[in-house]
>>> print(open('query-v3.cif').read())   # mmCIF, C-alpha atoms and all ligand atoms
data_final
loop_
_atom_site.label_atom_id
_atom_site.label_comp_id
_atom_site.auth_asym_id
_atom_site.auth_seq_id
_atom_site.Cartn_x
_atom_site.Cartn_y
_atom_site.Cartn_z
CA MET A 1 -5.53 4.31 -18.77
CA ARG A 2 -8.32 2.34 -20.50
CA VAL A 3 -11.55 2.27 -18.48
CA PRO A 4 -12.99 -1.26 -18.75
CA LEU A 5 -16.37 -1.64 -20.43
CA ILE A 6 -18.99 -4.35 -20.07
CA ALA A 7 -21.84 -4.27 -22.57
CA GLY A 8 -24.92 -6.47 -22.52
CA ASN A 9 -26.28 -7.35 -25.95
CA TRP A 10 -29.86 -8.43 -25.31
CA LYS A 11 -30.24 -9.44 -28.97
CA MET A 12 -33.86 -10.17 -30.04
CA ASN A 13 -35.00 -10.82 -26.49
CA THR A 14 -37.38 -8.99 -24.14
CA THR A 15 -40.67 -7.31 -24.92
CA VAL A 16 -40.92 -3.70 -23.78
CA SER A 17 -42.40 -4.74 -20.43
CA GLU A 18 -39.78 -7.46 -19.97
CA ALA A 19 -37.03 -4.97 -20.80
CA ILE A 20 -38.34 -2.58 -18.17
CA ALA A 21 -38.48 -5.40 -15.63
CA LEU A 22 -34.94 -6.56 -16.47
CA ILE A 23 -33.37 -3.12 -16.18
CA GLY A 24 -35.35 -2.63 -12.97
CA GLU A 25 -33.62 -5.68 -11.50
CA MET A 26 -30.16 -4.42 -12.44
CA ARG A 27 -30.33 -0.67 -12.17
CA SER A 28 -29.39 0.03 -8.59
CA GLY A 29 -26.76 -2.72 -8.44
CA LEU A 30 -25.08 -1.59 -11.66
CA ASP A 31 -25.24 2.06 -10.73
CA LYS A 32 -23.25 1.37 -7.56
CA ILE A 33 -20.30 -0.13 -9.44
CA ASP A 34 -17.79 2.45 -10.55
CA ARG A 35 -14.52 2.25 -12.50
CA VAL A 36 -16.34 0.23 -15.17
CA GLU A 37 -18.40 1.59 -18.06
CA LYS A 38 -21.71 -0.30 -18.05
CA VAL A 39 -23.76 -0.46 -21.23
CA VAL A 40 -27.02 -2.25 -21.96
CA CYS A 41 -28.22 -2.77 -25.54
CA PRO A 42 -31.93 -3.67 -25.61
CA PRO A 43 -33.97 -4.01 -28.82
CA PHE A 44 -34.79 -0.74 -30.62
CA ILE A 45 -38.37 -0.57 -29.40
CA SER A 46 -37.25 -0.64 -25.76
CA LEU A 47 -34.52 1.99 -26.03
CA ALA A 48 -36.75 4.87 -24.94
CA ALA A 49 -38.29 3.00 -22.01
CA VAL A 50 -34.97 1.61 -20.77
CA GLY A 51 -33.43 5.06 -21.25
CA GLU A 52 -36.14 6.48 -19.02
CA ALA A 53 -35.53 3.76 -16.43
CA ILE A 54 -31.78 4.50 -16.19
CA LYS A 55 -32.06 8.28 -16.19
CA GLY A 56 -29.74 9.81 -13.62
CA SER A 57 -27.70 6.61 -13.28
CA SER A 58 -24.20 5.78 -14.54
CA ILE A 59 -25.56 3.11 -16.91
CA ARG A 60 -25.20 3.84 -20.62
CA LEU A 61 -27.42 2.70 -23.46
CA GLY A 62 -26.61 1.17 -26.82
CA ALA A 63 -28.52 0.02 -29.90
CA GLN A 64 -27.79 -3.28 -31.62
CA ASN A 65 -27.73 -2.01 -35.19
CA MET A 66 -28.65 0.97 -37.38
CA TYR A 67 -28.91 1.99 -41.01
CA PHE A 68 -26.29 4.32 -42.48
CA GLU A 69 -28.57 6.97 -44.00
CA SER A 70 -29.87 9.79 -41.81
CA ARG A 71 -33.45 9.85 -43.13
CA GLY A 72 -35.54 8.97 -46.14
CA THR A 73 -37.42 6.24 -47.95
CA TYR A 74 -35.98 3.21 -46.16
CA THR A 75 -39.06 1.55 -44.73
CA GLY A 76 -38.40 -0.19 -41.45
CA GLU A 77 -34.92 1.18 -40.87
CA ILE A 78 -33.58 3.20 -37.91
CA SER A 79 -31.10 6.01 -38.49
CA PRO A 80 -28.14 7.31 -36.47
CA LEU A 81 -29.94 10.65 -36.10
CA MET A 82 -32.81 8.88 -34.39
CA LEU A 83 -30.52 6.88 -32.15
CA VAL A 84 -28.36 9.74 -30.99
CA GLU A 85 -31.34 11.19 -29.11
CA LEU A 86 -31.74 7.94 -27.23
CA CYS A 87 -28.38 6.26 -26.73
CA GLN A 88 -24.61 6.68 -26.77
CA PHE A 89 -23.40 3.38 -28.29
CA VAL A 90 -24.35 1.24 -31.25
CA ILE A 91 -23.22 -2.32 -32.02
CA ILE A 92 -22.15 -2.58 -35.65
CA GLY A 93 -21.19 -5.59 -37.73
CA HIS A 94 -22.27 -8.27 -35.27
CA SER A 95 -21.65 -11.71 -36.79
CA GLU A 96 -25.38 -12.43 -36.65
CA ARG A 97 -25.94 -9.39 -38.89
CA ARG A 98 -23.16 -10.52 -41.22
CA GLN A 99 -24.56 -14.06 -41.34
CA TYR A 100 -28.35 -13.62 -41.40
CA PHE A 101 -28.68 -10.19 -42.98
CA ASN A 102 -25.80 -10.35 -45.44
CA GLU A 103 -23.98 -7.32 -44.10
CA SER A 104 -20.80 -6.89 -46.12
CA GLY A 105 -17.62 -5.11 -45.12
CA GLU A 106 -18.73 -2.21 -47.28
CA ILE A 107 -22.08 -1.84 -45.51
CA ILE A 108 -20.42 -2.14 -42.12
CA ASN A 109 -17.96 0.57 -43.12
CA LYS A 110 -20.83 2.89 -44.10
CA LYS A 111 -22.49 2.23 -40.76
CA VAL A 112 -19.33 2.85 -38.73
CA ARG A 113 -18.75 6.14 -40.53
CA ALA A 114 -22.37 7.24 -40.16
CA ALA A 115 -22.38 6.38 -36.46
CA ILE A 116 -19.24 8.39 -35.76
CA LYS A 117 -20.54 11.30 -37.83
CA ALA A 118 -23.75 11.34 -35.77
CA GLY A 119 -21.83 11.28 -32.48
CA LEU A 120 -22.54 7.66 -31.58
CA LYS A 121 -19.83 5.33 -30.33
CA PRO A 122 -19.70 2.22 -32.51
CA ILE A 123 -18.94 -1.14 -30.93
CA LEU A 124 -17.48 -2.77 -34.02
CA CYS A 125 -17.68 -6.58 -33.93
CA ILE A 126 -15.15 -8.73 -35.71
CA GLY A 127 -14.29 -12.42 -35.45
CA GLU A 128 -13.51 -15.54 -37.39
CA LYS A 129 -15.70 -18.57 -38.08
CA LEU A 130 -14.83 -22.06 -36.84
CA GLU A 131 -13.52 -23.25 -40.20
CA GLU A 132 -11.38 -20.13 -40.55
CA ASN A 133 -10.01 -20.65 -37.06
CA GLU A 134 -9.20 -24.29 -37.81
CA ALA A 135 -7.51 -23.30 -41.07
CA GLY A 136 -5.24 -20.89 -39.19
CA GLN A 137 -6.84 -17.86 -40.86
CA THR A 138 -7.82 -15.93 -37.74
CA GLU A 139 -5.26 -13.17 -38.22
CA ALA A 140 -6.05 -12.72 -41.92
CA VAL A 141 -9.81 -12.64 -41.28
CA VAL A 142 -9.82 -10.16 -38.42
CA THR A 143 -7.30 -7.91 -40.17
CA GLU A 144 -9.44 -7.86 -43.31
CA GLN A 145 -12.59 -7.15 -41.28
CA LEU A 146 -10.85 -4.28 -39.50
CA GLU A 147 -9.44 -2.76 -42.65
CA SER A 148 -12.71 -2.90 -44.55
CA ALA A 149 -14.78 -1.57 -41.63
CA LEU A 150 -12.46 1.36 -41.06
CA VAL A 151 -11.93 2.71 -44.59
CA GLY A 152 -12.07 6.50 -44.34
CA VAL A 153 -12.27 6.50 -40.54
CA GLY A 154 -9.62 8.93 -39.33
CA ASP A 155 -10.43 9.39 -35.68
CA LEU A 156 -10.61 6.42 -33.37
CA SER A 157 -11.82 8.26 -30.29
CA GLY A 158 -15.13 6.76 -29.28
CA LEU A 159 -14.62 3.57 -31.28
CA VAL A 160 -14.80 0.28 -29.39
CA ILE A 161 -13.85 -3.04 -30.95
CA ALA A 162 -15.35 -6.35 -29.85
CA TYR A 163 -13.51 -9.51 -30.82
CA GLU A 164 -16.18 -12.19 -31.00
CA PRO A 165 -15.04 -15.48 -32.50
CA VAL A 166 -18.17 -16.81 -34.23
CA TRP A 167 -17.58 -20.33 -32.89
CA ALA A 168 -17.82 -19.01 -29.33
CA ILE A 169 -21.09 -17.10 -29.69
CA GLY A 170 -24.03 -18.75 -27.96
CA THR A 171 -22.26 -22.10 -27.98
CA GLY A 172 -21.10 -22.28 -24.37
CA LYS A 173 -17.65 -22.89 -25.86
CA ALA A 174 -15.78 -19.69 -24.98
CA ALA A 175 -12.24 -19.03 -26.14
CA THR A 176 -9.63 -19.36 -23.42
CA GLY A 177 -8.33 -16.18 -21.83
CA GLU A 178 -4.96 -16.75 -23.51
CA GLN A 179 -6.50 -17.31 -26.96
CA ALA A 180 -8.62 -14.18 -26.70
CA ASN A 181 -5.71 -12.14 -25.37
CA GLU A 182 -3.48 -13.30 -28.21
CA THR A 183 -5.96 -12.33 -30.93
CA ILE A 184 -6.78 -9.05 -29.22
CA SER A 185 -3.11 -8.09 -29.03
CA LEU A 186 -2.86 -8.91 -32.71
CA ILE A 187 -5.86 -6.63 -33.35
CA ARG A 188 -4.16 -3.88 -31.35
CA ARG A 189 -0.99 -4.33 -33.43
CA SER A 190 -3.00 -4.09 -36.66
CA MET A 191 -4.62 -0.91 -35.37
CA ALA A 192 -1.18 0.50 -34.55
CA ASN A 193 -0.15 -0.19 -38.14
CA LEU A 194 -3.33 1.33 -39.56
CA TYR A 195 -3.31 4.35 -37.21
CA HIS A 196 -0.84 5.49 -34.57
CA LYS A 197 0.64 3.51 -31.73
CA GLU A 198 -0.93 5.90 -29.24
CA ALA A 199 -4.42 5.59 -30.74
CA ALA A 200 -4.12 1.80 -30.68
CA ARG A 201 -2.91 1.84 -27.09
CA SER A 202 -5.93 3.78 -25.87
CA LEU A 203 -8.45 1.81 -27.94
CA LEU A 204 -10.92 -0.34 -25.99
CA ILE A 205 -11.03 -3.93 -27.23
CA LEU A 206 -13.57 -6.32 -25.73
CA TYR A 207 -13.97 -10.08 -25.88
CA GLY A 208 -17.36 -11.63 -26.64
CA GLY A 209 -18.58 -15.22 -26.92
CA SER A 210 -20.12 -17.32 -24.12
CA VAL A 211 -18.98 -14.97 -21.38
CA THR A 212 -20.57 -15.82 -18.02
CA ALA A 213 -20.09 -14.96 -14.37
CA ASP A 214 -18.03 -18.17 -14.14
CA ASN A 215 -15.46 -17.32 -16.81
CA ILE A 216 -15.32 -13.50 -16.92
CA ALA A 217 -12.33 -13.35 -14.56
CA GLU A 218 -10.25 -15.44 -16.97
CA PHE A 219 -10.72 -12.79 -19.67
CA ILE A 220 -10.51 -9.69 -17.54
CA LYS A 221 -7.21 -10.82 -16.02
CA GLN A 222 -5.61 -10.63 -19.45
CA PRO A 223 -3.68 -7.43 -20.10
CA GLU A 224 -5.04 -6.73 -23.59
CA ILE A 225 -8.73 -7.43 -22.85
CA ASP A 226 -10.60 -4.32 -21.77
CA GLY A 227 -14.01 -5.82 -21.07
CA ALA A 228 -16.70 -7.97 -22.61
CA LEU A 229 -19.69 -7.95 -24.91
CA VAL A 230 -22.07 -10.32 -23.19
CA GLY A 231 -25.05 -12.01 -24.87
CA GLY A 232 -27.05 -14.66 -23.02
CA ALA A 233 -25.68 -13.89 -19.56
CA SER A 234 -26.71 -10.24 -19.88
CA LEU A 235 -30.37 -11.33 -19.76
CA ASN A 236 -29.92 -12.51 -16.19
CA ALA A 237 -29.57 -9.65 -13.71
CA ASP A 238 -27.51 -11.64 -11.17
CA GLN A 239 -25.13 -12.94 -13.83
CA PHE A 240 -24.65 -9.55 -15.44
CA LEU A 241 -24.11 -7.83 -12.10
CA SER A 242 -21.56 -10.43 -11.11
CA ILE A 243 -19.73 -9.97 -14.44
CA VAL A 244 -19.54 -6.20 -13.92
CA ARG A 245 -18.54 -6.54 -10.25
CA GLN A 246 -15.73 -8.96 -11.03
CA THR A 247 -14.49 -6.64 -13.77
CA ALA A 248 -14.39 -3.70 -11.37
CA LYS A 249 -12.52 -5.79 -8.83
CA ILE A 250 -9.90 -7.06 -11.25
CA LYS A 251 -9.43 -4.11 -13.57
CA GLY A 252 -11.13 -1.10 -12.04
P1 LIG B 301 -23.24 -15.05 -25.97
O1 LIG B 301 -22.63 -14.34 -24.78
O2 LIG B 301 -24.65 -15.46 -25.77
O3 LIG B 301 -22.33 -16.13 -26.47
O4 LIG B 301 -23.29 -13.93 -27.13
C1 LIG B 301 -22.17 -13.19 -27.41
C2 LIG B 301 -22.52 -12.11 -28.34
O5 LIG B 301 -22.81 -12.34 -29.49
C3 LIG B 301 -22.54 -10.73 -27.82
O6 LIG B 301 -22.69 -9.81 -28.85
#
>>> encode(input="query-v3.cif", output="C-alpha cells")
Amino acid sequence: MRVPLIAGNWKMNTTVSEAIALIGEMRSGLDKIDRVEKVVCPPFISLAAVGEAIKGSSIRLGAQNMYFESRGTYTGEISPLMLVELCQFVIIGHSERRQYFNESGEIINKKVRAAIKAGLKPILCIGEKLEENEAGQTEAVVTEQLESALVGVGDLSGLVIAYEPVWAIGTGKAATGEQANETISLIRRSMANLYHKEAARSLLILYGGSVTADNIAEFIKQPEIDGALVGGASLNADQFLSIVRQTAKIKG
C-alpha cells in the first residue's frame, strides 16, 4: 500500500559540476529500479542542472529547505513558488536547520503549510537529541514536534515524515531497526490521533541517521519503516544505489 521512498540529502556538499558528475554516476542505475520512489536533494544552486540531468527518468528531485513567503524583500531566500518549477519534494525542519539556524516549531509550521500550498511534498524531519533520548523523552519530543509542525495542516496527502534521531545523524551510530520501528509506530499512532486512522496508515514515515548500504536492510525489514533519508552515504553512487536496490528487494 505504501510505496517505499529513499531520499538522498546531499546537504552542503557538491559544487554544480560535482553534482552533475554525481547524478551522472547514479542516473541509469537508479532509473532501472522500480517499486521504490527515488529522490535526490542537491543544494539549491544545483537543482536546475540535476533536474536537467534526470529528465525523462523515474528519479525525483527535492530541495533541502525553503522560505515560507512566496516572493518579496527577503534577500537570499528561496520561495516555494520558485522551487515548484524545479522539484517535487522539499526537506523541512531538518535538525541541522533547527540547531544552526534557530528554526522554531512555528517557522517549520509556516514552511510546511507554504510547501503544501505551493504543491510541493514536504519531507518533515523530527527527532530527539541524545540527552532527550537518555531522559526517556523521545515520545514527548517527537509528539510535540509533530503537533507544532502540523498546526492548520488538514490534508496529509503528499506529506512525508522522516524520523531522524539527532544522536544518529552523521555519527555512524545508527539506531537499531527495532528502536527506529518502535518510535516510528509511535509517530504513526500520534498521527492517527491527530488525523484519521486511514490517513496515518497511508502516511510514509522514513528513518534517517547513519544509514548505509550495510545497515539499510535492518531498517527496511521493519514493518513501520517506509524508507530512509540518507545523508553521507547518498554522496557515494555505489552506496546509494545499493541502498535503493536493497529497499526494492525487501519492500518493493
Ligand atoms: P547521515 O546519513 O549522514 O547520518 O545524515 C542523515 C541525515 O541527516 C539525512 O537528512
>>> residues_near_ligand(input="query-v3.cif", ligand="ligand LIG 301 (chain B)", cutoff="6 Å", atoms="only C-alpha atoms and all ligand atoms", output="PDB file with C-alpha atoms, keeping the file's coordinate frame")
ATOM      1  CA  ASN A   9     -26.280  -7.350 -25.950  1.00  0.00           C
ATOM      2  CA  ILE A 169     -21.090 -17.100 -29.690  1.00  0.00           C
ATOM      3  CA  GLY A 170     -24.030 -18.750 -27.960  1.00  0.00           C
ATOM      4  CA  GLY A 208     -17.360 -11.630 -26.640  1.00  0.00           C
ATOM      5  CA  GLY A 209     -18.580 -15.220 -26.920  1.00  0.00           C
ATOM      6  CA  SER A 210     -20.120 -17.320 -24.120  1.00  0.00           C
ATOM      7  CA  VAL A 211     -18.980 -14.970 -21.380  1.00  0.00           C
ATOM      8  CA  LEU A 229     -19.690  -7.950 -24.910  1.00  0.00           C
ATOM      9  CA  VAL A 230     -22.070 -10.320 -23.190  1.00  0.00           C
ATOM     10  CA  GLY A 231     -25.050 -12.010 -24.870  1.00  0.00           C
ATOM     11  CA  GLY A 232     -27.050 -14.660 -23.020  1.00  0.00           C
TER      12      GLY A 232
END
>>> atom_distance(input="query-v3.cif", atom1="atom CA of A:Ile225", atom2="atom CA of A:Phe89")
19.0 Å
>>> axis_aligned_box(input="query-v3.cif", around="stretch 210-220 of chain A", padding_each_side="5 Å", output="JSON")
{"center_x": -15.4, "center_y": -13.9, "center_z": -19.1, "size_x": 20.3, "size_y": 18.5, "size_z": 20.0}
>>> closest_residue(input="query-v3.cif", among="A:Asp31, A:Glu224, A:Glu164, A:Glu134", to="A:Ser58", atoms="all atoms listed in the file")
A:Asp31
>>> closest_residue(input="query-v3.cif", among="A:Leu204, A:Ala192, A:Val16, A:Leu120", to="A:Met66", atoms="all atoms listed in the file")
A:Leu120
>>> atom_distance(input="query-v3.cif", atom1="atom CA of A:Ile184", atom2="atom CA of A:Tyr207")
8.0 Å
>>> closest_atom_pairs(input="query-v3.cif", of="stretch 14-124 of chain A", to="stretch 139-152 of chain A", cutoff="12 Å", atoms="all atoms listed in the file", output="tab-separated table")
residue	atom	partner	partner_atom	distance
A:Ile92	CA	A:Ala149	CA	9.5
A:Gly93	CA	A:Ala149	CA	8.5
A:His94	CA	A:Gln145	CA	11.4
A:Ser95	CA	A:Gln145	CA	11.1
A:Arg98	CA	A:Gln145	CA	11.1
A:Glu103	CA	A:Ala149	CA	11.1
A:Ser104	CA	A:Ser148	CA	9.2
A:Gly105	CA	A:Ser148	CA	5.4
A:Glu106	CA	A:Ser148	CA	6.6
A:Ile107	CA	A:Ala149	CA	8.3
A:Ile108	CA	A:Ala149	CA	5.7
A:Asn109	CA	A:Ala149	CA	4.1
A:Lys110	CA	A:Ala149	CA	7.9
A:Lys111	CA	A:Ala149	CA	8.6
A:Val112	CA	A:Ala149	CA	7.0
A:Arg113	CA	A:Gly152	CA	7.7
A:Ala114	CA	A:Gly152	CA	11.1
A:Ile116	CA	A:Leu150	CA	11.1
A:Lys117	CA	A:Gly152	CA	11.7
A:Pro122	CA	A:Ala149	CA	11.0
A:Ile123	CA	A:Ala149	CA	11.5
A:Leu124	CA	A:Ala149	CA	8.2
>>> residues_around(input="query-v3.cif", residues="A:Ala228", least_positions_apart="5", cutoff="10 Å", atoms="all atoms listed in the file", output="PyMOL selection string")
chain A and resi 4-8+162-164+205-209+211-212+216+219-220+243-244+247
>>> write_last_selection(input="query-v3.cif", atoms="C-alpha atoms", output="CSV table (one decimal), keeping the file's coordinate frame")
chain,number,residue,atom,x,y,z
A,4,PRO,CA,-13.0,-1.3,-18.8
A,5,LEU,CA,-16.4,-1.6,-20.4
A,6,ILE,CA,-19.0,-4.4,-20.1
A,7,ALA,CA,-21.8,-4.3,-22.6
A,8,GLY,CA,-24.9,-6.5,-22.5
A,162,ALA,CA,-15.4,-6.4,-29.8
A,163,TYR,CA,-13.5,-9.5,-30.8
A,164,GLU,CA,-16.2,-12.2,-31.0
A,205,ILE,CA,-11.0,-3.9,-27.2
A,206,LEU,CA,-13.6,-6.3,-25.7
A,207,TYR,CA,-14.0,-10.1,-25.9
A,208,GLY,CA,-17.4,-11.6,-26.6
A,209,GLY,CA,-18.6,-15.2,-26.9
A,211,VAL,CA,-19.0,-15.0,-21.4
A,212,THR,CA,-20.6,-15.8,-18.0
A,216,ILE,CA,-15.3,-13.5,-16.9
A,219,PHE,CA,-10.7,-12.8,-19.7
A,220,ILE,CA,-10.5,-9.7,-17.5
A,243,ILE,CA,-19.7,-10.0,-14.4
A,244,VAL,CA,-19.5,-6.2,-13.9
A,247,THR,CA,-14.5,-6.6,-13.8
